[in-house]
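The structure appears right after this line, and notes come after that.
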Amino acid sequence: MLRFRSPHSLSGACKLMRIVNTFIGAPIQRVEDLRFLRGRGQYVDDLTRPGQWHAAIVRSPVAYGRLRSIDTSAALALPGVYAVVTAQDLSQPIPTIPFRRPNPTIAPYAQPVLADGVVRYVGEPVALVLADCAERAEDGAQAVALDIEHWPAVADRHASARGETLLVVGTAGNCAAVFTANDGDADAAFRAAAYTRREQFRVQRVTAMTMETRGLLAEWDEATGRLSVSGAAKLPFFNRRTMAAMMKLPEEAVDYVEYDVGGGFGARGEFYPEDYLVAFAARKYGHPVKWVEDRREHFMAIAHSRETECDLEIALDRDGTIIGLRGDIWVDIGAYVRPNGMTPVRNVAQFTSGPYRVPNMHLKAHAMVTNKTPSGTYRGPGRFEGCFFMERLLDMAAKDLGLDRLEIRRRNLIALSEMPYPLVPVRPNDGFGDTACDSGDYSSTFDRCVKDAGWHDKLKLNGKLVDGCYHGVGVACFIEGGGSGPRENARIVIEPDGSFAVYVGSSGVGQGVETIMAQVAADALEVPIERVKVYHGSTTYLKEGYGSYGSRATVMGGSAIVQTANALVEKIRTAAAERLGVSPDAVTLQDGVASAPDGRHVTPAELAGLSVDGKFDNSKATYSYGTAMAHVAVDPRIGSIDVLDYVVVDDVGRIVNPETLHGQVIGAAVQGLGSTFTEEIAYDEHGQLLVGSLVDYMVPLATDYPNLRAVSLEEHPSPNNPLGAKGAGEGGIIPVGGAVSNAVAAALSSLGVEPRVLPLTPPRIWQLIQDAQKRS
């Protein structure tokens, strides 16, 4: 039975951690990596089935217009092209993709699986071509002739707000939803405030650039009436329910099967139009159908994220105490509401205040539709943007008030004595509107980061011109929500060889699920880790599961394994007692072997087939937290920025594997630096996508940021789950934009440069310097 060992006392369900095994907390190398390094990973594109057809998507080249006709004759005349599916082949009305969270206003903005009559973004699926190989399917897609009447595009949130063109007929405007974060009396706080500052900021549009693009292989068995979809990631059980409903099949007749996944980052694994189209074709034509996205397609088809603008105002006392925050935030969500499209909108309303005590708040986040690829989640959705806004405001306020940048933050960080600290409620409540920071001493990670980064030594260089470059240091603090409920499921089975098969509803998207879950299970079962095999994600393993999103896999999946393992241990004890003719209390367990007082024993192999299904129910989130500091050098001649040092310190509750955690935090930081400096999905005024390859969309290289350091603490385990763990997959990305922008502002303080827009490209920084010099 797991028992908890921690330097801090916890109550209730949290007192469940082993004190004798050492797998939890050990830097065990990922068991997945051996097969990857040997080239033995199996991805969707590695799969081939007898009689398999290949699919290619015909996508709109126009941002907005009336689809007058589709001519498929030339495509069907090509050798190897079997069929072309258009909206007329689907059931009427055209199926639309459901949402993951309830919201009273978003129903009209659901995306149809194929455009019918109107196209609303470049890349919107218009038809599906089926052929004997991928190349011929692509040729067929090129041969399909589209007649589209061009309409003026709604290319940004300003045009969307004007409402001169309504993108969805029958709606009152182009705002799909408004989330309001409200606490206290913000207007009264501003009337009484000694100091206020109002600013506008913007974060650019980006997307998750996974190493492996999306892919699907759908198979229909007419004899059994079953549908199998390979290529599951993130949300296999939700996608199964969605597919079953859209196909009018019993849920148990649909399976989503997970193979190795080359990255997810919040965008991969959601239910997209391609999920339905590939499955529809497999069922209609009786052949396995495979589709794999190419990189150019990825840019225009997978969910975008982040594009957010704000008009915010902060109120403080003269000593720097925050007394109020108010304003409006606009999120460009693209042409439709994706299944998780409201998550960044809700989050930016709720988490802009970050780890700070803000007693009076009124923020409204608006979801604006435009003629762009629909948006969804990307690592740290809404939190990256909100952190950038808040941290820039704090630095500006500190400068105006003549306060130290560290002290203004220390004064406002939520204190240990205030835990659990309720965050500002958000309405409408989609299930996450009411939440509270669970535990932690936010000043501890702050002080550790100040020390480890050598802040006070580096501060001597602040604003100084050294070898032609201005130096500056910046700081940002953050919280990361994790452990999304409502539950996760697990099953453990004793195999004939005495090993333990562990099945869990969490999905593997590259984060090391097989290793982490094996560590948890081995500790819980008191067996060597080599005798544990983890199976995850696929709907064939469990009746119910929830997947991996919102930094939940370790918290929810690991806790489900703890509960299930504890139940199996008791079941082993009872079964062994019956065989040995003793009471269960007399049975001792060591390495899975159950022994009686007289030395007789029962091995796990003798109990083969014994199994337990379990689950962990919890809707209380966990909150990791931390601080990041950046030291930069800015070349004013060309606007280039070098990151000389970057340090992030976080507290993630109980650490299961320090090595995989370190990889998560550093990897997230690098992604954040990409978002801060180089990555941007740009559109022109006609709604045309201006990026199509990694030449246009510059992701970070391994050599770009050599000086990154991460320190993860486990001083304050979460009281909300048996492991005491907190989600830690996203925290590393959240503070990057704020910390680096503050460092750039500090470096260029003598010129009065204040970055307000991301990314911080050399042309943008150069222009800011030129504008500042003209003003002076």
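Convention: chains lettered A, B, ... in structure tokens order; per-chain residue numbering from 1; ligands numbered from 1 as shown.
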Nearby residues (only C-alpha atoms) at most 10 Å from range 279-294 of chain A, same-chain spacing under 2 positions excluded, as a PyMOL selection string: chain A and resi 44-45+47-57+82-85+89-90+128-134+137+212-222+225-231+243+246-247+274-277+296-299+301-302
DSSP strand (DSSP E) residues within range 120-197 of chain A, as JSON, numbers by chain: {"A": [125, 126, 127, 128, 129, 130, 131, 145, 146, 147, 148, 149, 150, 175, 176, 177, 178, 179, 180, 181, 182, 183, 195, 196, 197]}
What are the closest atom pairs, with distances in Å to one decimal, for all residues of range 435-526 of chain A lying within 12 Å of range 568-576 of chain A? Consider only C-alpha atoms, order rows by chain and residue number, and present the result as JSON lines.
```
{"residue": "A:Ala490", "atom": "CA", "partner": "A:Leu568", "partner_atom": "CA", "distance": 11.4}
{"residue": "A:Arg491", "atom": "CA", "partner": "A:Leu568", "partner_atom": "CA", "distance": 9.4}
{"residue": "A:Ile492", "atom": "CA", "partner": "A:Leu568", "partner_atom": "CA", "distance": 7.5}
{"residue": "A:Val493", "atom": "CA", "partner": "A:Leu568", "partner_atom": "CA", "distance": 8.7}
{"residue": "A:Ile494", "atom": "CA", "partner": "A:Leu568", "partner_atom": "CA", "distance": 9.4}
{"residue": "A:Phe500", "atom": "CA", "partner": "A:Leu568", "partner_atom": "CA", "distance": 10.6}
{"residue": "A:Ala501", "atom": "CA", "partner": "A:Leu568", "partner_atom": "CA", "distance": 12.0}
{"residue": "A:Val502", "atom": "CA", "partner": "A:Leu568", "partner_atom": "CA", "distance": 11.3}
{"residue": "A:Ala521", "atom": "CA", "partner": "A:Leu568", "partner_atom": "CA", "distance": 10.9}
{"residue": "A:Ala522", "atom": "CA", "partner": "A:Val569", "partner_atom": "CA", "distance": 11.7}
{"residue": "A:Asp523", "atom": "CA", "partner": "A:Val569", "partner_atom": "CA", "distance": 11.6}
{"residue": "A:Ala524", "atom": "CA", "partner": "A:Val569", "partner_atom": "CA", "distance": 8.5}
{"residue": "A:Leu525", "atom": "CA", "partner": "A:Val569", "partner_atom": "CA", "distance": 6.6}
{"residue": "A:Glu526", "atom": "CA", "partner": "A:Val569", "partner_atom": "CA", "distance": 9.1}
```
Non-local contacts of Leu413 in chain A (7 Å; only C-alpha atoms; under 2 positions in same chain excluded) as number ranges by chain: A: 355-357, 409-411, 415, 442-443
Write the residues you've just listed into a file as a short mmCIF file (atom, residue, chain, number, x, y, z; two decimals), in the first residue's frame, and include all heavy atoms for each of them.
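Printed below is out.cif as written:
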```
data_model
loop_
_atom_site.label_atom_id
_atom_site.label_comp_id
_atom_site.auth_asym_id
_atom_site.auth_seq_id
_atom_site.Cartn_x
_atom_site.Cartn_y
_atom_site.Cartn_z
N PRO A 355 0.28 34.81 -10.60
CA PRO A 355 0.44 34.42 -9.20
C PRO A 355 0.29 35.59 -8.23
O PRO A 355 0.72 35.50 -7.08
CB PRO A 355 1.87 33.89 -9.16
CG PRO A 355 2.59 34.75 -10.16
CD PRO A 355 1.59 35.03 -11.25
N TYR A 356 -0.33 36.66 -8.71
CA TYR A 356 -0.40 37.87 -7.91
C TYR A 356 -1.78 38.05 -7.27
O TYR A 356 -2.80 37.66 -7.81
CB TYR A 356 -0.07 39.10 -8.76
CG TYR A 356 1.30 39.01 -9.38
CD1 TYR A 356 1.45 38.84 -10.76
CD2 TYR A 356 2.45 39.06 -8.60
CE1 TYR A 356 2.71 38.73 -11.34
CE2 TYR A 356 3.71 38.96 -9.16
CZ TYR A 356 3.84 38.79 -10.54
OH TYR A 356 5.08 38.69 -11.11
N ARG A 357 -1.77 38.70 -6.13
CA ARG A 357 -2.98 39.01 -5.38
C ARG A 357 -3.61 40.27 -5.98
O ARG A 357 -3.06 41.37 -5.87
CB ARG A 357 -2.60 39.24 -3.91
CG ARG A 357 -3.72 39.39 -2.93
CD ARG A 357 -3.18 39.77 -1.56
NE ARG A 357 -2.10 38.88 -1.11
CZ ARG A 357 -0.80 39.19 -1.16
NH1 ARG A 357 -0.41 40.38 -1.61
NH2 ARG A 357 0.11 38.35 -0.72
N ARG A 409 7.03 42.81 -7.20
CA ARG A 409 6.51 41.45 -7.34
C ARG A 409 6.41 40.76 -5.99
O ARG A 409 5.40 40.11 -5.68
CB ARG A 409 7.37 40.66 -8.33
CG ARG A 409 7.20 41.15 -9.76
CD ARG A 409 8.18 40.51 -10.74
NE ARG A 409 7.80 40.81 -12.12
CZ ARG A 409 8.11 41.94 -12.76
NH1 ARG A 409 8.84 42.87 -12.14
NH2 ARG A 409 7.71 42.14 -14.00
N ARG A 410 7.45 40.85 -5.19
CA ARG A 410 7.41 40.23 -3.86
C ARG A 410 6.20 40.72 -3.06
O ARG A 410 5.54 39.95 -2.37
CB ARG A 410 8.69 40.56 -3.08
CG ARG A 410 9.88 39.68 -3.40
CD ARG A 410 10.90 39.75 -2.31
NE ARG A 410 12.12 39.02 -2.67
CZ ARG A 410 13.21 39.59 -3.19
NH1 ARG A 410 13.22 40.90 -3.40
NH2 ARG A 410 14.26 38.86 -3.49
N ARG A 411 5.91 41.97 -3.17
CA ARG A 411 4.82 42.57 -2.41
C ARG A 411 3.47 41.97 -2.78
O ARG A 411 2.56 41.89 -1.95
CB ARG A 411 4.80 44.09 -2.61
CG ARG A 411 3.70 44.82 -1.87
CD ARG A 411 3.81 46.32 -2.06
NE ARG A 411 5.03 46.82 -1.43
CZ ARG A 411 5.14 47.14 -0.15
NH1 ARG A 411 4.08 46.98 0.65
NH2 ARG A 411 6.26 47.60 0.35
N ALA A 415 0.65 34.56 -0.85
CA ALA A 415 1.44 34.02 0.25
C ALA A 415 1.03 32.59 0.60
O ALA A 415 -0.09 32.16 0.34
CB ALA A 415 1.28 34.90 1.49
N TYR A 442 5.04 30.97 -3.09
CA TYR A 442 5.48 31.58 -4.35
C TYR A 442 6.75 32.40 -4.18
O TYR A 442 7.52 32.56 -5.13
CB TYR A 442 4.36 32.42 -4.94
CG TYR A 442 3.15 31.63 -5.41
CD1 TYR A 442 3.08 30.25 -5.24
CD2 TYR A 442 2.08 32.25 -6.01
CE1 TYR A 442 1.98 29.52 -5.66
CE2 TYR A 442 0.96 31.53 -6.44
CZ TYR A 442 0.92 30.16 -6.26
OH TYR A 442 -0.17 29.45 -6.68
N SER A 443 6.96 32.92 -3.00
CA SER A 443 8.18 33.70 -2.78
C SER A 443 9.42 32.81 -2.74
O SER A 443 10.54 33.28 -2.98
CB SER A 443 8.07 34.50 -1.48
OG SER A 443 7.94 33.63 -0.36
#
```
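Between CA of Gly599 in chain A and CA of Arg579 in chain A the interatomic distance comes to 13.3 Å.
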Test item, alpha helix (DSSP H) assignment across range 466-707 of chain A, answer as a PyMOL selection string: chain A and resi 513-525+558-580+658-677
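Using only C-alpha atoms, the nearest neighbour of Asn742 in chain A within the list A:Gly474, A:Gly39, A:Pro762, A:Pro706 is A:Gly474.
You will find CA of Gly262 in chain A at 25.3 Å from CA of Leu690 in chain A.
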Skip Ser718 in chain A itself and residues of its chain fewer than 6 positions away, then list as a PDB file with N, CA, C and O atoms, in the first residue's frame all residues within 6 Å of it, counting only C-alpha atoms.
```pdb
ATOM      1  N   GLY A 653       5.275  20.308  -6.998  1.00  0.00           N
ATOM      2  CA  GLY A 653       4.779  19.273  -6.102  1.00  0.00           C
ATOM      3  C   GLY A 653       5.706  18.071  -6.145  1.00  0.00           C
ATOM      4  O   GLY A 653       6.916  18.198  -6.333  1.00  0.00           O
ATOM      5  N   GLY A 724       0.557  13.697  -4.723  1.00  0.00           N
ATOM      6  CA  GLY A 724       1.072  15.008  -4.350  1.00  0.00           C
ATOM      7  C   GLY A 724       1.683  15.742  -5.523  1.00  0.00           C
ATOM      8  O   GLY A 724       2.333  16.776  -5.365  1.00  0.00           O
ATOM      9  N   ALA A 725       1.460  15.211  -6.737  1.00  0.00           N
ATOM     10  CA  ALA A 725       2.073  15.785  -7.939  1.00  0.00           C
ATOM     11  C   ALA A 725       1.248  16.950  -8.461  1.00  0.00           C
ATOM     12  O   ALA A 725       0.054  17.071  -8.202  1.00  0.00           O
TER      13      ALA A 725
END
```
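Take CA of Asp404 in chain A and CA of Cys477 in chain A: the distance between them is 15.2 Å.
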Distance criterion (only C-alpha atoms): nearest to Glu32 in chain A out of A:Ala476, A:Leu312, A:Val509, A:Val450: A:Val509
